[in-house]
file query15.cif (mmCIF, C-alpha atoms)
data_my_file
loop_
_atom_site.label_atom_id
_atom_site.label_comp_id
_atom_site.auth_asym_id
_atom_site.auth_seq_id
_atom_site.Cartn_x
_atom_site.Cartn_y
_atom_site.Cartn_z
CA MET D 183 -27.24 -3.51 -3.68
CA ALA D 184 -28.56 -6.28 -1.44
CA GLU D 185 -27.04 -9.76 -1.40
CA THR D 186 -29.61 -12.51 -1.72
CA THR D 187 -28.10 -15.86 -2.63
CA LYS D 188 -26.78 -18.48 -0.27
CA ALA D 189 -23.78 -18.94 -2.55
CA ALA D 190 -22.93 -15.26 -2.17
CA ARG D 191 -23.06 -15.47 1.60
CA SER D 192 -20.82 -18.52 1.49
CA ARG D 193 -18.19 -17.18 -0.89
CA ARG D 194 -17.80 -13.80 0.69
CA THR D 195 -16.60 -15.48 3.88
CA ARG D 196 -13.55 -17.08 2.29
CA GLY D 197 -10.05 -16.16 3.35
CA ALA D 198 -10.48 -14.27 6.64
CA ALA D 199 -7.23 -13.20 8.27
CA ARG D 200 -5.70 -15.32 11.01
CA GLN D 201 -4.53 -13.55 14.11
CA ASP D 202 -1.33 -14.70 15.72
CA ALA D 203 -1.70 -14.66 19.49
CA GLY D 204 1.64 -16.25 20.33
CA ALA D 205 3.89 -13.37 19.28
CA SER D 206 2.94 -11.24 22.29
CA GLY D 207 2.13 -13.86 24.89
CA ALA D 208 -1.40 -12.44 25.30
CA ASP D 209 -3.18 -15.48 23.89
CA SER D 210 -6.50 -15.06 25.68
CA GLU D 211 -6.82 -11.35 24.92
CA ALA D 212 -5.94 -11.88 21.25
CA ALA D 213 -8.45 -14.71 20.95
CA ALA D 214 -11.18 -12.53 22.45
CA ARG D 215 -10.37 -9.71 20.06
CA ASP D 216 -10.46 -12.13 17.14
CA ALA D 217 -13.89 -13.37 18.17
CA ASP D 218 -15.20 -9.81 18.45
CA ALA D 219 -13.81 -8.92 15.03
CA GLY D 220 -15.28 -12.03 13.40
CA THR D 221 -12.01 -13.79 12.68
CA GLU D 222 -10.59 -17.10 13.85
CA GLY D 223 -7.68 -17.13 16.28
CA ALA D 224 -4.84 -19.50 15.52
CA ALA D 225 -1.45 -20.26 16.94
CA ASN D 226 -0.15 -20.26 13.40
CA ALA D 227 -1.09 -17.23 11.30
CA GLN D 228 -0.91 -19.38 8.17
CA PRO D 229 -4.14 -21.49 8.23
CA PRO D 230 -4.40 -24.98 6.71
CA ALA D 231 -5.28 -25.07 3.04
CA GLY D 232 -9.01 -24.90 2.43
CA THR D 233 -9.86 -23.44 5.84
CA ALA D 234 -12.71 -20.95 5.51
CA GLY D 235 -12.63 -17.68 7.42
CA SER D 236 -15.49 -15.38 8.36
CA ALA D 237 -14.76 -11.99 6.80
CA HIS D 238 -17.98 -10.44 5.56
CA ALA D 239 -18.97 -7.63 3.19
CA ASP D 240 -22.26 -6.86 1.48
CA ALA D 241 -22.57 -6.87 -2.29
CA GLU D 242 -22.29 -3.10 -2.65
CA THR D 243 -19.05 -3.04 -0.65
CA LEU D 244 -17.60 -5.94 -2.63
CA VAL D 245 -18.30 -4.15 -5.92
CA ALA D 246 -16.73 -0.97 -4.52
CA TYR D 247 -13.60 -2.91 -3.55
CA TYR D 248 -13.45 -4.50 -6.99
CA ARG D 249 -13.77 -1.10 -8.64
CA GLN D 250 -10.89 0.26 -6.57
CA MET D 251 -8.75 -2.72 -7.48
CA LEU D 252 -9.67 -2.25 -11.14
CA LEU D 253 -8.80 1.44 -11.01
CA ILE D 254 -5.36 0.66 -9.59
CA ARG D 255 -4.76 -2.03 -12.24
CA ARG D 256 -5.79 0.16 -15.20
CA PHE D 257 -3.95 3.18 -13.78
CA GLU D 258 -0.72 1.23 -13.44
CA GLU D 259 -1.04 -0.26 -16.91
CA ARG D 260 -1.52 3.26 -18.30
CA ALA D 261 1.46 4.51 -16.30
CA ALA D 262 3.63 1.74 -17.74
CA ARG D 263 2.62 2.80 -21.25
CA ALA D 264 3.33 6.46 -20.48
CA TYR D 265 6.77 5.51 -19.19
CA THR D 266 7.66 3.82 -22.48
CA GLN D 267 6.49 7.01 -24.22
CA ALA D 268 8.98 9.01 -22.11
CA LYS D 269 6.16 10.97 -20.48
CA ILE D 270 7.21 9.71 -17.05
CA GLY D 271 10.83 10.11 -15.99
CA GLY D 272 13.01 8.71 -13.25
CA TYR D 273 12.15 5.44 -11.56
CA CYS D 274 8.65 4.01 -11.66
CA HIS D 275 7.47 1.05 -9.55
CA LEU D 276 4.02 -0.41 -10.13
CA ASN D 277 1.47 -2.05 -7.83
CA LEU D 278 0.38 -4.61 -10.44
CA GLY D 279 -0.71 -7.72 -8.53
CA GLU D 280 -0.93 -5.96 -5.17
CA GLU D 281 -4.38 -4.42 -5.67
CA ALA D 282 -6.19 -6.58 -3.11
CA THR D 283 -3.58 -5.81 -0.45
CA ILE D 284 -3.79 -2.07 -1.05
CA VAL D 285 -7.57 -1.86 -1.00
CA GLY D 286 -7.85 -4.12 2.05
CA LEU D 287 -5.31 -2.10 4.03
CA MET D 288 -6.84 1.27 3.19
CA ALA D 289 -10.34 -0.02 4.02
CA ALA D 290 -9.18 -0.55 7.60
CA LEU D 291 -8.08 3.06 8.09
CA ARG D 292 -10.04 6.16 8.95
CA PRO D 293 -9.54 9.30 6.83
CA THR D 294 -7.73 10.85 9.81
CA ASP D 295 -5.15 8.04 10.05
CA TYR D 296 -1.67 8.57 8.67
CA LEU D 297 0.08 6.54 5.97
CA PHE D 298 3.78 6.30 5.20
CA THR D 299 4.78 4.30 2.11
CA ASN D 300 7.83 3.35 0.11
CA TYR D 301 8.39 4.14 -3.55
CA ARG D 302 5.75 1.63 -4.80
CA GLU D 303 2.93 3.99 -3.89
CA HIS D 304 0.59 4.91 -6.77
CA GLY D 305 -2.16 2.50 -5.71
CA TYR D 306 -1.96 3.65 -2.10
CA ALA D 307 -2.38 7.28 -3.17
CA LEU D 308 -5.49 6.37 -5.17
CA ALA D 309 -6.98 4.21 -2.41
CA LYS D 310 -6.26 6.90 0.22
CA GLY D 311 -8.54 9.22 -1.74
CA ILE D 312 -6.25 11.26 -3.99
CA ASP D 313 -7.82 11.99 -7.37
CA ALA D 314 -6.46 9.99 -10.33
CA ARG D 315 -5.75 13.24 -12.19
CA SER D 316 -3.50 14.51 -9.41
CA VAL D 317 -1.62 11.23 -9.16
CA MET D 318 -1.07 10.91 -12.91
CA ALA D 319 -0.01 14.56 -13.20
CA GLU D 320 2.56 13.94 -10.49
CA LEU D 321 3.96 10.99 -12.45
CA TYR D 322 4.22 13.30 -15.46
CA GLY D 323 6.04 15.90 -13.35
CA ARG D 324 3.37 18.58 -13.83
CA SER D 325 2.45 21.44 -11.49
CA THR D 326 -1.10 20.07 -11.08
CA GLY D 327 0.27 16.91 -9.48
CA VAL D 328 -0.28 16.06 -5.84
CA SER D 329 3.27 17.23 -5.02
CA LYS D 330 3.30 20.10 -7.53
CA GLY D 331 5.27 17.96 -9.97
CA TRP D 332 8.43 17.95 -7.86
CA GLY D 333 7.95 14.52 -6.25
CA GLY D 334 7.26 12.26 -9.19
CA SER D 335 6.49 8.56 -8.90
CA MET D 336 8.38 7.88 -5.69
CA HIS D 337 7.75 10.95 -3.55
CA MET D 338 4.06 11.77 -3.31
CA PHE D 339 2.87 13.70 -0.27
CA ASP D 340 -0.58 14.97 0.61
CA VAL D 341 -1.47 16.52 3.96
CA LYS D 342 -5.20 16.54 3.18
CA THR D 343 -5.47 12.74 2.88
CA ARG D 344 -2.64 12.25 5.41
CA LEU D 345 -0.40 10.42 2.97
CA LEU D 346 2.87 11.54 4.52
CA GLY D 347 5.17 10.53 1.75
CA GLY D 348 6.61 7.89 -0.45
CA TYR D 349 10.29 7.29 0.29
CA GLY D 350 12.94 6.23 -2.20
CA ILE D 351 15.49 5.17 0.42
CA VAL D 352 14.71 1.61 1.52
CA GLY D 353 13.26 1.85 5.02
CA GLY D 354 13.56 5.63 5.18
CA GLN D 355 9.91 5.87 6.15
CA LEU D 356 10.11 3.64 9.25
CA PRO D 357 11.78 6.04 11.72
CA LEU D 358 9.54 8.86 10.47
CA ALA D 359 6.38 6.81 10.89
CA THR D 360 7.51 5.82 14.37
CA GLY D 361 8.09 9.48 15.17
CA ALA D 362 4.64 10.39 13.89
CA ALA D 363 3.15 7.72 16.15
CA LEU D 364 5.08 9.24 19.06
CA ALA D 365 3.56 12.63 18.22
CA VAL D 366 0.06 11.13 18.19
CA SER D 367 0.71 9.46 21.53
CA TYR D 368 2.19 12.63 23.02
CA LYS D 369 -0.82 14.70 21.98
CA GLY D 370 -3.28 12.08 23.19
CA GLY D 371 -4.96 11.58 19.81
CA ASP D 372 -6.75 8.46 18.57
CA GLU D 373 -5.16 8.44 15.11
CA VAL D 374 -3.18 5.44 13.90
CA VAL D 375 -0.03 5.49 11.79
CA MET D 376 0.32 2.78 9.14
CA CYS D 377 3.79 2.23 7.70
CA HIS D 378 4.02 0.11 4.56
CA MET D 379 7.26 -1.42 3.27
CA GLY D 380 8.60 -4.19 1.04
CA ASP D 381 10.03 -7.49 2.26
CA GLY D 382 13.62 -6.36 1.70
CA THR D 383 13.16 -3.61 4.28
CA ALA D 384 12.77 -6.20 7.05
CA ALA D 385 16.53 -6.83 6.81
CA ILE D 386 17.75 -3.29 7.51
CA GLY D 387 18.68 -1.70 10.81
CA ALA D 388 15.92 0.92 10.80
CA PHE D 389 13.33 -1.87 10.75
CA HIS D 390 14.57 -3.34 14.02
CA GLU D 391 15.24 0.03 15.62
CA SER D 392 11.75 1.27 14.78
CA LEU D 393 9.96 -1.86 15.99
CA ASN D 394 12.01 -1.84 19.17
CA ILE D 395 11.24 1.77 20.10
CA ALA D 396 7.57 1.40 19.11
CA ALA D 397 7.25 -1.58 21.44
CA LEU D 398 9.15 0.10 24.28
CA TRP D 399 7.06 3.28 24.11
CA ASP D 400 3.68 1.69 23.24
CA LEU D 401 3.20 3.65 20.03
CA PRO D 402 0.04 3.44 17.84
CA VAL D 403 1.75 2.30 14.66
CA VAL D 404 1.01 -0.64 12.36
CA PHE D 405 4.03 -1.86 10.39
CA VAL D 406 2.96 -3.65 7.20
CA VAL D 407 5.44 -5.76 5.21
CA ILE D 408 4.27 -6.39 1.65
CA ASN D 409 6.04 -9.65 0.89
CA ASN D 410 6.06 -10.14 -2.87
CA GLY D 411 8.67 -12.85 -2.58
CA LEU D 412 11.51 -10.84 -4.05
CA GLY D 413 13.85 -8.09 -2.89
CA MET D 414 14.36 -6.74 -6.41
CA GLY D 415 15.53 -10.05 -7.94
CA THR D 416 16.56 -12.01 -4.84
CA THR D 417 14.08 -14.36 -3.21
CA VAL D 418 13.15 -13.86 0.42
CA GLU D 419 14.29 -17.43 1.18
CA LYS D 420 17.80 -16.59 0.00
CA SER D 421 18.04 -13.28 1.84
CA ALA D 422 16.22 -13.93 5.12
CA ALA D 423 17.17 -16.59 7.67
CA GLU D 424 13.52 -16.44 8.78
CA PRO D 425 11.49 -15.97 5.57
CA GLU D 426 8.18 -15.79 7.46
CA LEU D 427 8.69 -12.13 8.21
CA TRP D 428 5.73 -11.71 10.57
CA ARG D 429 7.58 -13.83 13.12
CA ARG D 430 10.11 -11.02 13.64
CA GLY D 431 7.58 -9.21 15.79
CA ALA D 432 8.17 -11.83 18.49
CA ALA D 433 11.65 -10.40 19.15
CA TYR D 434 9.93 -7.26 20.43
CA ARG D 435 6.95 -8.99 22.08
CA MET D 436 4.83 -7.37 19.39
CA GLU D 437 1.63 -8.96 18.15
CA SER D 438 1.97 -10.00 14.54
CA ALA D 439 0.26 -11.98 11.80
CA ARG D 440 0.57 -13.10 8.21
CA VAL D 441 -2.31 -12.77 5.75
CA ASP D 442 -3.02 -13.78 2.15
CA GLY D 443 -2.55 -10.50 0.31
CA THR D 444 -4.50 -11.66 -2.74
CA ASP D 445 -7.76 -11.72 -0.74
CA VAL D 446 -9.09 -8.21 -0.14
CA LEU D 447 -11.44 -9.25 2.69
CA ALA D 448 -8.75 -11.23 4.47
CA VAL D 449 -6.41 -8.24 4.31
CA ARG D 450 -9.11 -5.86 5.52
CA GLU D 451 -9.93 -8.01 8.55
CA ALA D 452 -6.28 -8.57 9.45
CA ALA D 453 -5.61 -4.83 9.14
CA ARG D 454 -8.68 -4.00 11.24
CA ILE D 455 -7.36 -6.15 14.08
CA ALA D 456 -3.97 -4.43 13.88
CA VAL D 457 -5.42 -0.92 13.60
CA GLU D 458 -7.89 -1.48 16.44
CA ARG D 459 -5.10 -2.62 18.75
CA ALA D 460 -3.05 0.45 17.88
CA ARG D 461 -6.01 2.80 18.30
CA THR D 462 -7.56 1.48 21.51
CA GLU D 463 -4.49 0.13 23.33
CA SER D 464 -1.71 2.24 21.80
CA LYS D 465 0.23 -0.89 20.92
CA PRO D 466 2.27 -1.46 17.76
CA TYR D 467 1.58 -4.35 15.41
CA LEU D 468 3.47 -6.15 12.63
CA LEU D 469 1.40 -7.44 9.71
CA GLU D 470 2.84 -9.36 6.76
CA ALA D 471 0.81 -9.61 3.55
CA THR D 472 1.95 -12.13 0.93
CA SER D 473 1.23 -10.35 -2.32
CA PRO D 474 3.29 -11.34 -5.40
CA ARG D 475 3.91 -8.61 -7.97
CA LEU D 476 2.99 -9.51 -11.53
CA ARG D 477 5.91 -7.73 -13.22
CA GLY D 478 9.49 -6.78 -12.50
CA HIS D 479 10.78 -4.62 -9.67
CA SER D 480 10.33 -1.49 -11.76
CA VAL D 481 8.97 -0.66 -15.22
CA VAL D 482 12.38 -1.26 -16.81
CA ASP D 483 12.95 -4.63 -15.10
CA PRO D 484 12.16 -7.53 -17.50
CA ALA D 485 12.16 -10.01 -14.58
CA ARG D 486 14.36 -12.55 -16.36
CA TYR D 487 15.03 -14.16 -12.98
CA ARG D 488 11.56 -15.72 -13.16
CA SER D 489 10.96 -19.04 -14.88
CA ALA D 490 8.11 -19.63 -17.32
CA GLU D 491 6.42 -21.77 -14.67
CA GLU D 492 6.61 -18.94 -12.12
CA LYS D 493 5.09 -16.49 -14.58
CA GLU D 494 2.20 -18.83 -15.27
CA ALA D 495 1.65 -19.31 -11.54
CA LEU D 496 1.50 -15.54 -11.07
CA LYS D 497 -1.15 -15.21 -13.75
CA ALA D 498 -3.19 -17.94 -12.10
CA ALA D 499 -2.99 -16.11 -8.75
CA ASP D 500 -4.06 -12.73 -10.18
CA PRO D 501 -6.15 -11.13 -7.39
CA LEU D 502 -8.22 -9.04 -9.80
CA ALA D 503 -9.28 -12.09 -11.83
CA ALA D 504 -10.02 -13.99 -8.62
CA MET D 505 -12.21 -11.16 -7.32
CA ALA D 506 -14.07 -10.93 -10.62
CA LEU D 507 -14.74 -14.68 -10.54
CA ARG D 508 -15.93 -14.50 -6.94
CA LEU D 509 -18.43 -11.74 -7.77
CA GLU D 510 -19.67 -13.54 -10.86
CA GLU D 511 -20.17 -16.87 -9.07
CA ALA D 512 -22.00 -15.08 -6.26
CA GLY D 513 -24.40 -13.48 -8.73
CA ILE D 514 -23.25 -9.99 -7.81
CA LEU D 515 -21.48 -8.83 -11.00
CA ASP D 516 -21.96 -10.63 -14.32
CA ALA D 517 -19.69 -10.31 -17.35
CA GLU D 518 -21.76 -7.52 -18.93
CA ALA D 519 -21.75 -5.40 -15.76
CA ARG D 520 -18.05 -6.08 -15.30
CA ASP D 521 -17.26 -4.91 -18.84
CA LYS D 522 -19.29 -1.75 -18.26
CA LEU D 523 -17.41 -1.04 -15.05
CA ASP D 524 -14.09 -1.66 -16.78
CA ALA D 525 -15.02 0.81 -19.52
CA GLU D 526 -15.87 3.45 -16.90
CA VAL D 527 -12.55 2.94 -15.13
CA ILE D 528 -10.56 3.06 -18.39
CA ALA D 529 -12.31 6.33 -19.26
CA GLU D 530 -11.35 7.75 -15.85
CA VAL D 531 -7.72 6.74 -16.33
CA GLU D 532 -7.57 8.10 -19.87
CA ASP D 533 -9.04 11.37 -18.60
CA ALA D 534 -6.29 11.48 -15.96
CA ALA D 535 -3.62 10.91 -18.62
CA ALA D 536 -5.08 13.64 -20.84
CA PHE D 537 -5.22 16.01 -17.87
CA ALA D 538 -1.57 15.29 -17.08
CA ASP D 539 -0.58 15.80 -20.71
CA ASP D 540 -2.30 19.19 -20.82
CA SER D 541 -0.94 20.40 -17.47
CA PRO D 542 2.05 22.78 -17.29
CA HIS D 543 5.48 21.89 -16.02
CA PRO D 544 6.45 23.57 -12.74
CA ASP D 545 8.41 26.77 -13.12
CA VAL D 546 12.10 26.48 -12.26
CA SER D 547 11.71 29.37 -9.84
CA THR D 548 9.58 27.14 -7.58
CA LEU D 549 12.27 24.47 -7.23
CA PHE D 550 13.04 25.30 -3.59
CA ASP D 551 9.58 26.45 -2.50
CA TYR D 552 8.70 23.21 -0.71
CA THR D 553 12.05 22.21 0.75
CA TYR D 554 10.97 23.34 4.22
CA ALA D 555 7.50 23.73 5.72
CA THR D 556 8.42 27.15 7.14
CA PRO D 557 11.01 29.76 6.02
CA VAL D 558 14.62 29.00 7.00
CA PRO D 559 17.13 31.86 7.30
CA GLY D 560 20.05 31.52 4.93
CA GLU D 561 18.45 28.71 2.93
CA LEU D 562 20.60 27.82 -0.06
CA ARG D 563 18.74 28.27 -3.34
CA ARG D 564 21.62 28.04 -5.78
CA LEU D 565 20.87 26.15 -8.99
CA PRO D 566 23.53 23.89 -10.52
CA ALA D 567 24.44 26.44 -13.20
CA ASP D 568 24.57 29.41 -10.81
CA PRO D 569 27.92 30.80 -9.58
CA VAL D 570 28.97 29.85 -6.08
CA PHE D 571 29.32 33.50 -5.11
CA ARG D 572 27.26 36.35 -6.44
CA SER D 573 28.93 39.69 -7.11
#

call {"tool": "encode", "arguments": {"input": "query15.cif", "output": "structure tokens"}}
result
Amino acid sequence: MAETTKAARSRRTRGAARQDAGASGADSEAAARDADAGTEGAANAQPPAGTAGSAHADAETLVAYYRQMLLIRRFEERAARAYTQAKIGGYCHLNLGEEATIVGLMAALRPTDYLFTNYREHGYALAKGIDARSVMAELYGRSTGVSKGWGGSMHMFDVKTRLLGGYGIVGGQLPLATGAALAVSYKGGDEVVMCHMGDGTAAIGAFHESLNIAALWDLPVVFVVINNGLGMGTTVEKSAAEPELWRRGAAYRMESARVDGTDVLAVREAARIAVERARTESKPYLLEATSPRLRGHSVVDPARYRSAEEKEALKAADPLAAMALRLEEAGILDAEARDKLDAEVIAEVEDAAAFADDSPHPDVSTLFDYTYATPVPGELRRLPADPVFRS
């Protein structure tokens, strides 16, 4: 679909990412890279209000991004409903409100790049290319799920798309992602490792240890902090002496930046800068995306720590609604076309839920089949009800 209007060309440039050159001391090199990538360099990664960027995408790409965001939104809403119906067990953390961040980050990666996530991972699995049926079946704990039903909401893993796991332990993915980047570097590959985490993770030891070793060894890893303003129910300002988390890269002379996570194009351009540096120079990067979540920490969290004013502000900042308005004002996607697209996405999600419902549970005998990648002599396979010693 070709873009024709001047208004469209103007609006699609809003919100480009700002590159921070000061964190590494390589101001001139960073500024040159920014110019090549079509973004504005700035000493402060947080641009003045109203400053226009220069991130571009044609109409067809913008609609594709919107569809991905819509799929994540409708999928998560359906997952929340399934959880209340007791079809999903355990913990369940949703990406509601983070759709623009997810789509922008994944748009910057190649299919061969690796992704490590935390437990808030459904949208990342979808955007990385895993079929909605496989993701929903995993949430339902069925054998047709992406992890054979044994991972559930928090522990998806897919070698084919190079999603190397969601991790329930806060920060558990950081040392592993750093190790994967070391393996890429050791083998001389051009793949990049992206490691996504929440804002609370920036306070743990593994965060600093991983950034330090990545900087010392020049590893091709991009650390992405999704700052939704809250570590569970505690604000970042009350838990972090430096609440602008991107600045922590300076302690390791690591290039870093902060980007508006509600703008898919801004996120994509910021991530492209980070990924390109990792790929071509084998240098780590710290990117912070401010991306407020629309609901509580998990499905069962009523978010009573938020005031009525905060809830209204969140609704007003909804990235999906903002993207829809941008496309409509640009003459790319009118209300009728948007409703048709929404109906298609809802049908896809309902099909995924029906598929999950109809899929079998994994057999108990397969419980230990995927504990190790290769056979391990003497591996313990005793179930809780089995005797300690067999006669």

call {"tool": "residues_near_point", "arguments": {"input": "query15.cif", "point": "(-18.7, -6.3, -6.5)", "cutoff": "10 Å", "atoms": "only C-alpha atoms", "output": "list in words"}}
result
Met183, Ala239, Asp240, Ala241, Glu242, Thr243, Leu244, Val245, Ala246, Tyr247, Tyr248, Arg249, Met505, Ala506, Arg508, Leu509, Glu510, Ala512, Gly513, Ile514, Leu515, Asp516, Ala519 and Arg520 of chain D

call {"tool": "closest_residue", "arguments": {"input": "query15.cif", "among": "D:Arg475, D:Leu356, D:Tyr306, D:Ala460", "to": "Lys497 in chain D", "atoms": "all atoms listed in the file"}}
result
D:Arg475

call {"tool": "resolve_selection", "arguments": {"input": "query15.cif", "expression": "the PyMOL selection byres ((chain D and resi 279) around 9)", "output": "list in words"}}
result
Arg255, Leu276, Asn277, Leu278, Glu280, Glu281, Ala282, Thr283, Thr444, Ser473, Pro474, Arg475, Leu476, Arg477, Leu496, Ala499, Asp500, Pro501 and Leu502 of chain D

call {"tool": "residues_near_point", "arguments": {"input": "query15.cif", "point": "(-7.1, 13.7, -11.4)", "cutoff": "9 Å", "atoms": "only C-alpha atoms", "output": "PDB file with C-alpha atoms, keeping the file's coordinate frame"}}
result
ATOM      1  CA  ILE D 312      -6.250  11.260  -3.990  1.00  0.00           C
ATOM      2  CA  ASP D 313      -7.820  11.990  -7.370  1.00  0.00           C
ATOM      3  CA  ALA D 314      -6.460   9.990 -10.330  1.00  0.00           C
ATOM      4  CA  ARG D 315      -5.750  13.240 -12.190  1.00  0.00           C
ATOM      5  CA  SER D 316      -3.500  14.510  -9.410  1.00  0.00           C
ATOM      6  CA  VAL D 317      -1.620  11.230  -9.160  1.00  0.00           C
ATOM      7  CA  MET D 318      -1.070  10.910 -12.910  1.00  0.00           C
ATOM      8  CA  ALA D 319      -0.010  14.560 -13.200  1.00  0.00           C
ATOM      9  CA  THR D 326      -1.100  20.070 -11.080  1.00  0.00           C
ATOM     10  CA  GLY D 327       0.270  16.910  -9.480  1.00  0.00           C
ATOM     11  CA  GLU D 530     -11.350   7.750 -15.850  1.00  0.00           C
ATOM     12  CA  VAL D 531      -7.720   6.740 -16.330  1.00  0.00           C
ATOM     13  CA  ASP D 533      -9.040  11.370 -18.600  1.00  0.00           C
ATOM     14  CA  ALA D 534      -6.290  11.480 -15.960  1.00  0.00           C
ATOM     15  CA  ALA D 535      -3.620  10.910 -18.620  1.00  0.00           C
ATOM     16  CA  PHE D 537      -5.220  16.010 -17.870  1.00  0.00           C
ATOM     17  CA  ALA D 538      -1.570  15.290 -17.080  1.00  0.00           C
TER      18      ALA D 538
END

call {"tool": "closest_atom_pairs", "arguments": {"input": "query15.cif", "of": "range 475-542 of chain D", "to": "range 328-350 of chain D", "cutoff": "12 Å", "atoms": "only C-alpha atoms", "output": "JSON lines"}}
result
{"residue": "D:Ser480", "atom": "CA", "partner": "D:Ser335", "partner_atom": "CA", "distance": 11.1}
{"residue": "D:Val481", "atom": "CA", "partner": "D:Ser335", "partner_atom": "CA", "distance": 11.4}
{"residue": "D:Ala538", "atom": "CA", "partner": "D:Gly331", "partner_atom": "CA", "distance": 10.2}
{"residue": "D:Ser541", "atom": "CA", "partner": "D:Gly331", "partner_atom": "CA", "distance": 10.0}
{"residue": "D:Pro542", "atom": "CA", "partner": "D:Gly331", "partner_atom": "CA", "distance": 9.3}

call {"tool": "resolve_selection", "arguments": {"input": "query15.cif", "expression": "the PyMOL selection byres ((chain D and resi 425) around 12)", "output": "VMD selection string"}}
result
chain D and resid 381 to 382 384 to 385 407 409 to 413 417 to 424 426 to 430 440 470 472

call {"tool": "resolve_selection", "arguments": {"input": "query15.cif", "expression": "the PyMOL selection byres ((chain D and resi 289) around 10)", "output": "list in words"}}
result
Tyr247, Thr283, Ile284, Val285, Gly286, Leu287, Met288, Ala290, Leu291, Arg292, Pro293, Ala309, Lys310, Val446, Leu447, Val449, Arg450, Glu451, Ala453 and Arg454 of chain D

call {"tool": "write_last_selection", "arguments": {"input": "query15.cif", "atoms": "C-alpha atoms", "output": "mmCIF file, keeping the file's coordinate frame"}}
result
data_model
loop_
_atom_site.group_PDB
_atom_site.id
_atom_site.type_symbol
_atom_site.label_atom_id
_atom_site.label_comp_id
_atom_site.auth_asym_id
_atom_site.auth_seq_id
_atom_site.Cartn_x
_atom_site.Cartn_y
_atom_site.Cartn_z
ATOM 1 C CA TYR D 247 -13.600 -2.910 -3.550
ATOM 2 C CA THR D 283 -3.580 -5.810 -0.450
ATOM 3 C CA ILE D 284 -3.790 -2.070 -1.050
ATOM 4 C CA VAL D 285 -7.570 -1.860 -1.000
ATOM 5 C CA GLY D 286 -7.850 -4.120 2.050
ATOM 6 C CA LEU D 287 -5.310 -2.100 4.030
ATOM 7 C CA MET D 288 -6.840 1.270 3.190
ATOM 8 C CA ALA D 290 -9.180 -0.550 7.600
ATOM 9 C CA LEU D 291 -8.080 3.060 8.090
ATOM 10 C CA ARG D 292 -10.040 6.160 8.950
ATOM 11 C CA PRO D 293 -9.540 9.300 6.830
ATOM 12 C CA ALA D 309 -6.980 4.210 -2.410
ATOM 13 C CA LYS D 310 -6.260 6.900 0.220
ATOM 14 C CA VAL D 446 -9.090 -8.210 -0.140
ATOM 15 C CA LEU D 447 -11.440 -9.250 2.690
ATOM 16 C CA VAL D 449 -6.410 -8.240 4.310
ATOM 17 C CA ARG D 450 -9.110 -5.860 5.520
ATOM 18 C CA GLU D 451 -9.930 -8.010 8.550
ATOM 19 C CA ALA D 453 -5.610 -4.830 9.140
ATOM 20 C CA ARG D 454 -8.680 -4.000 11.240
#

call {"tool": "axis_aligned_box", "arguments": {"input": "query15.cif", "around": "range 313-321 of chain D", "padding_each_side": "6 Å", "output": "JSON"}}
result
{"center_x": -1.9, "center_y": 12.3, "center_z": -10.3, "size_x": 23.8, "size_y": 16.6, "size_z": 17.8}
